[in-house]
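J.: For reference, the structure I am asking about is given below.
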Amino acid sequence: MTIPFSTLPQRHLVYAYCIVWLLQFGYGTWVAINWFREKRS
Amino acid sequence: MLVLAFGFYKAMTAPTEATMGNLYRVFFYHFPHASESYLFPYLNCGASFLYLYWRGRNPARALAADAFALASAEIAVLYTTLGLATGMLWGRAAWGIWWTWDARLTTYLLLWLLYVSYILLRRFAAPDQTALLSAVLAIFAAIDIPICYMSIRWWRTQHPAPVFGGGADSGIDPSMWPAVLWNVAGWLMWGIFLLGLRYSLERRRQARAAAATEHFLGNIALTEAQ
């Protein structure tokens, strides 16, 4: 399946998926980094 | 991660919807985040009740409940933020507006604000009062969850009527079910994993703070003895 980025609905579909990955995995990375830091200290 | 990857594959290969086209695929990420954003506030509320119960009886357990409450509140903010963001992106493309003050959207925004204020309270309250004040706020905040959940049943809203369990006209095409279920399961497992990791981190911080306090009190006792 191809998602043409030229129309607003298709663009917003891509934005929605990207924001989910960014926030979910960004937060997960932040927690993991702090978890390892606490483990070492 | 495998379940999430498979959920993404299912979301992209599900049949295209007749009226919205590909845009409806936002639903496969919006629905899991919005529905699971009701679960974590309840966990936060339960842990806060346990904190208040154990506070005077078993301080060690109370500390564990407090750590769990903080972890679940952070995950609640994360899922609510994503429920709002995906909903707004979908709304702008489908309705032509980013936002409207209907009952579902307003009560959902209130839910987000309540848990953001919970996090801010934990950050800025006086350290000896943080756990107690935040536990009381958590119990108060949980009142909004059933109101938000029922809002599309109680009032006529811009937000669509319930897709699941909303009567004879509700439901989705059976070919879309695998994408919904894989994504609900994937994001739920990911949320539980994050909750466990954040709880573990908070317990380590508590242990370090307790050790530092013990060390400080030991030094004071030593100074007084000299």
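All residue names refer to the structure tokens as shown: chains lettered A, B, ... in order, residues numbered from 1 in each chain, ligands numbered from 1 in order.
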Which residues of segment 17-127 of chain B come within 10 Å of segment 17-37 of chain A, and for each one, what is the closest pair of atoms and their distance in Å to one decimal, counting only C-alpha atoms, sorted by chain and residue number, as JSON lines?

T.:
{"residue": "B:Arg25", "atom": "CA", "partner": "A:Tyr17", "partner_atom": "CA", "distance": 9.4}
{"residue": "B:Val26", "atom": "CA", "partner": "A:Tyr17", "partner_atom": "CA", "distance": 7.4}
{"residue": "B:Phe28", "atom": "CA", "partner": "A:Tyr17", "partner_atom": "CA", "distance": 9.6}
{"residue": "B:Tyr29", "atom": "CA", "partner": "A:Tyr17", "partner_atom": "CA", "distance": 7.2}
{"residue": "B:His30", "atom": "CA", "partner": "A:Val20", "partner_atom": "CA", "distance": 9.2}
{"residue": "B:His33", "atom": "CA", "partner": "A:Val20", "partner_atom": "CA", "distance": 9.1}
{"residue": "B:Glu74", "atom": "CA", "partner": "A:Tyr27", "partner_atom": "CA", "distance": 9.7}
{"residue": "B:Ile75", "atom": "CA", "partner": "A:Tyr27", "partner_atom": "CA", "distance": 9.3}
{"residue": "B:Leu78", "atom": "CA", "partner": "A:Gln24", "partner_atom": "CA", "distance": 7.5}
{"residue": "B:Tyr79", "atom": "CA", "partner": "A:Gln24", "partner_atom": "CA", "distance": 8.6}
{"residue": "B:Thr81", "atom": "CA", "partner": "A:Leu23", "partner_atom": "CA", "distance": 9.0}
{"residue": "B:Leu82", "atom": "CA", "partner": "A:Val20", "partner_atom": "CA", "distance": 6.3}
{"residue": "B:Gly83", "atom": "CA", "partner": "A:Val20", "partner_atom": "CA", "distance": 9.2}
{"residue": "B:Ala85", "atom": "CA", "partner": "A:Ile19", "partner_atom": "CA", "distance": 7.9}
{"residue": "B:Thr86", "atom": "CA", "partner": "A:Val20", "partner_atom": "CA", "distance": 7.9}

J.: Kindly provide the residues of chain A that approach chain B to within 6 Å, each paired with its closest atom pair and their distance in Å to one decimal, based on only C-alpha atoms, listed by chain and increasing number, as a tab-separated table.

T.:
residue	atom	partner	partner_atom	distance
A:Pro9	CA	B:Ala93	CA	4.9
A:His12	CA	B:Leu89	CA	5.7
A:Leu13	CA	B:Leu23	CA	5.7
A:Ala16	CA	B:Thr86	CA	5.1
A:Trp35	CA	B:Leu201	CA	5.1

J.: Save the residues we just selected, C-alpha atoms, as a compact mmCIF listing (two decimals), in the first residue's frame?

T.:
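Wrote it out as result_24.txt, contents follow:
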# COMPACT_ATOMS: atom_id res chain seq x y z
CA PRO A 9 -5.83 13.34 5.14
CA HIS A 12 -2.35 13.56 8.91
CA LEU A 13 -2.39 9.76 8.87
CA ALA A 16 -0.57 10.46 13.70
CA TRP A 35 16.76 3.00 35.02

J.: Using DSSP on the backbone, list every residue of segment 10-216 of chain B that comes out as helix (DSSP H, G or I), and give them as a ChimeraX atom specification.

T.: /B:10-13,22-36,39-54,59-94,103-124,130-141,144-154,174-216

J.: Taking C-alpha atoms for each residue, export the selection above as a short mmCIF file (atom, residue, chain, number, x, y, z; two decimals), in the first residue's frame.

T.:
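So the final result, stored in selection.cif, reads:
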data_model
loop_
_atom_site.label_atom_id
_atom_site.label_comp_id
_atom_site.auth_asym_id
_atom_site.auth_seq_id
_atom_site.Cartn_x
_atom_site.Cartn_y
_atom_site.Cartn_z
CA LYS B 10 -2.29 -5.36 9.93
CA ALA B 11 -3.27 -1.67 10.16
CA MET B 12 -1.62 -0.92 6.83
CA THR B 13 -3.04 -3.96 5.03
CA ASN B 22 -6.88 5.58 4.14
CA LEU B 23 -7.46 8.26 6.78
CA TYR B 24 -9.57 5.84 8.85
CA ARG B 25 -6.34 3.90 9.62
CA VAL B 26 -5.70 6.52 12.34
CA PHE B 27 -8.41 4.59 14.21
CA PHE B 28 -6.05 1.61 14.67
CA TYR B 29 -3.75 3.80 16.79
CA HIS B 30 -6.34 6.24 18.19
CA PHE B 31 -8.66 3.60 19.64
CA PRO B 32 -6.01 1.58 21.59
CA HIS B 33 -4.52 4.75 23.10
CA ALA B 34 -7.88 6.33 23.94
CA SER B 35 -9.36 3.16 25.46
CA GLU B 36 -6.20 2.23 27.40
CA LEU B 39 -7.11 1.91 32.41
CA PHE B 40 -3.98 3.59 33.81
CA PRO B 41 -5.85 6.30 35.78
CA TYR B 42 -7.81 3.50 37.51
CA LEU B 43 -4.52 1.79 38.44
CA ASN B 44 -3.32 5.15 39.74
CA CYS B 45 -6.51 5.53 41.79
CA GLY B 46 -6.23 1.98 43.21
CA ALA B 47 -2.58 2.50 44.18
CA SER B 48 -3.47 5.82 45.81
CA PHE B 49 -6.18 4.15 47.91
CA LEU B 50 -3.64 1.52 48.96
CA TYR B 51 -1.13 4.24 49.83
CA LEU B 52 -3.68 5.96 52.09
CA TYR B 53 -4.61 2.62 53.70
CA TRP B 54 -1.00 1.53 54.33
CA PRO B 59 5.12 2.43 55.54
CA ALA B 60 7.17 0.09 53.32
CA ARG B 61 4.10 -1.05 51.40
CA ALA B 62 2.80 2.52 51.28
CA LEU B 63 6.03 3.60 49.56
CA ALA B 64 5.62 0.82 46.98
CA ALA B 65 2.00 1.90 46.34
CA ASP B 66 3.15 5.51 45.97
CA ALA B 67 5.78 4.49 43.39
CA PHE B 68 3.15 2.52 41.48
CA ALA B 69 0.76 5.49 41.57
CA LEU B 70 3.40 7.80 40.10
CA ALA B 71 4.32 5.29 37.37
CA SER B 72 0.69 4.72 36.37
CA ALA B 73 -0.01 8.50 36.32
CA GLU B 74 2.89 9.08 33.90
CA ILE B 75 1.65 6.31 31.59
CA ALA B 76 -1.88 7.77 31.86
CA VAL B 77 -0.55 11.18 30.70
CA LEU B 78 1.35 9.51 27.85
CA TYR B 79 -1.69 7.57 26.58
CA THR B 80 -4.09 10.50 27.05
CA THR B 81 -1.70 12.82 25.17
CA LEU B 82 -1.60 10.36 22.27
CA GLY B 83 -5.38 9.86 22.36
CA LEU B 84 -5.78 13.65 22.09
CA ALA B 85 -3.09 14.13 19.44
CA THR B 86 -4.26 11.34 17.12
CA GLY B 87 -7.89 12.44 17.62
CA MET B 88 -7.08 16.06 16.72
CA LEU B 89 -5.13 15.03 13.60
CA TRP B 90 -8.01 12.80 12.57
CA GLY B 91 -10.61 15.50 13.35
CA ARG B 92 -8.79 18.14 11.30
CA ALA B 93 -8.72 15.86 8.26
CA ALA B 94 -12.21 14.37 8.66
CA ALA B 103 -18.75 16.66 25.88
CA ARG B 104 -16.30 13.88 24.94
CA LEU B 105 -13.45 16.14 23.90
CA THR B 106 -13.90 18.48 26.86
CA THR B 107 -14.05 15.72 29.50
CA TYR B 108 -11.07 14.01 27.83
CA LEU B 109 -9.07 17.25 27.90
CA LEU B 110 -10.03 17.58 31.57
CA LEU B 111 -8.72 14.05 32.18
CA TRP B 112 -5.41 15.01 30.57
CA LEU B 113 -5.21 18.25 32.60
CA LEU B 114 -5.94 16.39 35.86
CA TYR B 115 -3.08 13.93 35.34
CA VAL B 116 -0.70 16.62 34.13
CA SER B 117 -1.52 18.55 37.33
CA TYR B 118 -0.86 15.33 39.29
CA ILE B 119 2.64 15.12 37.77
CA LEU B 120 3.23 18.85 38.46
CA LEU B 121 2.06 18.42 42.05
CA ARG B 122 4.52 15.56 42.54
CA ARG B 123 7.28 17.73 41.13
CA PHE B 124 6.64 20.94 43.10
CA THR B 130 3.81 15.05 48.08
CA ALA B 131 2.58 11.46 48.45
CA LEU B 132 -0.49 12.36 50.55
CA LEU B 133 -1.63 15.31 48.41
CA SER B 134 -1.12 13.43 45.16
CA ALA B 135 -3.04 10.38 46.48
CA VAL B 136 -6.02 12.62 47.30
CA LEU B 137 -5.82 14.31 43.87
CA ALA B 138 -5.61 10.88 42.16
CA ILE B 139 -8.85 9.71 43.80
CA PHE B 140 -10.55 12.99 42.89
CA ALA B 141 -9.27 12.82 39.28
CA ASP B 144 -13.71 12.06 35.46
CA ILE B 145 -13.05 8.64 33.86
CA PRO B 146 -16.65 7.28 33.89
CA ILE B 147 -18.02 10.70 32.92
CA CYS B 148 -15.66 10.83 29.94
CA TYR B 149 -16.41 7.22 28.96
CA MET B 150 -20.20 7.74 29.13
CA SER B 151 -20.19 11.23 27.53
CA ILE B 152 -20.88 9.91 24.01
CA ARG B 153 -23.79 7.88 25.37
CA TRP B 154 -25.28 10.62 27.56
CA PRO B 174 -15.11 -8.13 10.41
CA SER B 175 -12.08 -7.74 8.11
CA MET B 176 -10.89 -4.82 10.28
CA TRP B 177 -10.99 -6.74 13.57
CA PRO B 178 -7.47 -8.27 13.36
CA ALA B 179 -5.89 -4.82 12.99
CA VAL B 180 -7.89 -3.49 15.97
CA LEU B 181 -7.13 -6.46 18.23
CA TRP B 182 -3.40 -6.68 17.41
CA ASN B 183 -2.94 -2.98 18.07
CA VAL B 184 -5.00 -3.02 21.29
CA ALA B 185 -2.96 -6.00 22.53
CA GLY B 186 0.36 -4.52 21.38
CA TRP B 187 -0.09 -1.10 22.96
CA LEU B 188 -1.49 -2.65 26.14
CA MET B 189 1.56 -4.91 26.50
CA TRP B 190 3.86 -1.98 25.77
CA GLY B 191 2.05 0.16 28.38
CA ILE B 192 2.36 -2.59 31.01
CA PHE B 193 6.07 -2.96 30.17
CA LEU B 194 6.59 0.81 30.55
CA LEU B 195 4.63 0.77 33.81
CA GLY B 196 6.86 -2.00 35.22
CA LEU B 197 10.04 -0.24 34.13
CA ARG B 198 8.93 3.15 35.53
CA TYR B 199 7.84 1.52 38.81
CA SER B 200 11.21 -0.21 39.10
CA LEU B 201 12.98 3.11 38.45
CA GLU B 202 10.94 4.88 41.14
CA ARG B 203 11.63 2.10 43.66
CA ARG B 204 15.36 2.51 43.01
CA ARG B 205 15.08 6.26 43.54
CA GLN B 206 13.21 5.67 46.80
CA ALA B 207 15.89 3.21 47.96
CA ARG B 208 18.65 5.72 47.11
CA ALA B 209 16.79 8.54 48.92
CA ALA B 210 16.29 6.30 51.99
CA ALA B 211 19.98 5.37 52.01
CA ALA B 212 20.97 9.05 51.72
CA THR B 213 18.66 9.99 54.62
CA GLU B 214 20.07 7.15 56.73
CA HIS B 215 23.60 8.28 55.95
CA PHE B 216 22.72 11.90 56.83
#

J.: Atom CA of Gln129 of chain B and atom CA of Arg55 of chain B are how many Å apart?

T.: 12.2 Å

J.: To one decimal place, how far is atom CA of Lys39 of chain A from atom CA of Pro127 of chain B in Å?

T.: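 Value for the atom CA of Lys39 of chain A-atom CA of Pro127 of chain B distance: 23.1 Å.
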
J.: Would you work out the distance separating atom CA of Thr7 of chain A from atom CA of Trp95 of chain B, expressed in Å to one decimal?

T.: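 Taking atom CA of Thr7 of chain A and atom CA of Trp95 of chain B, their separation equals 14.8 Å.
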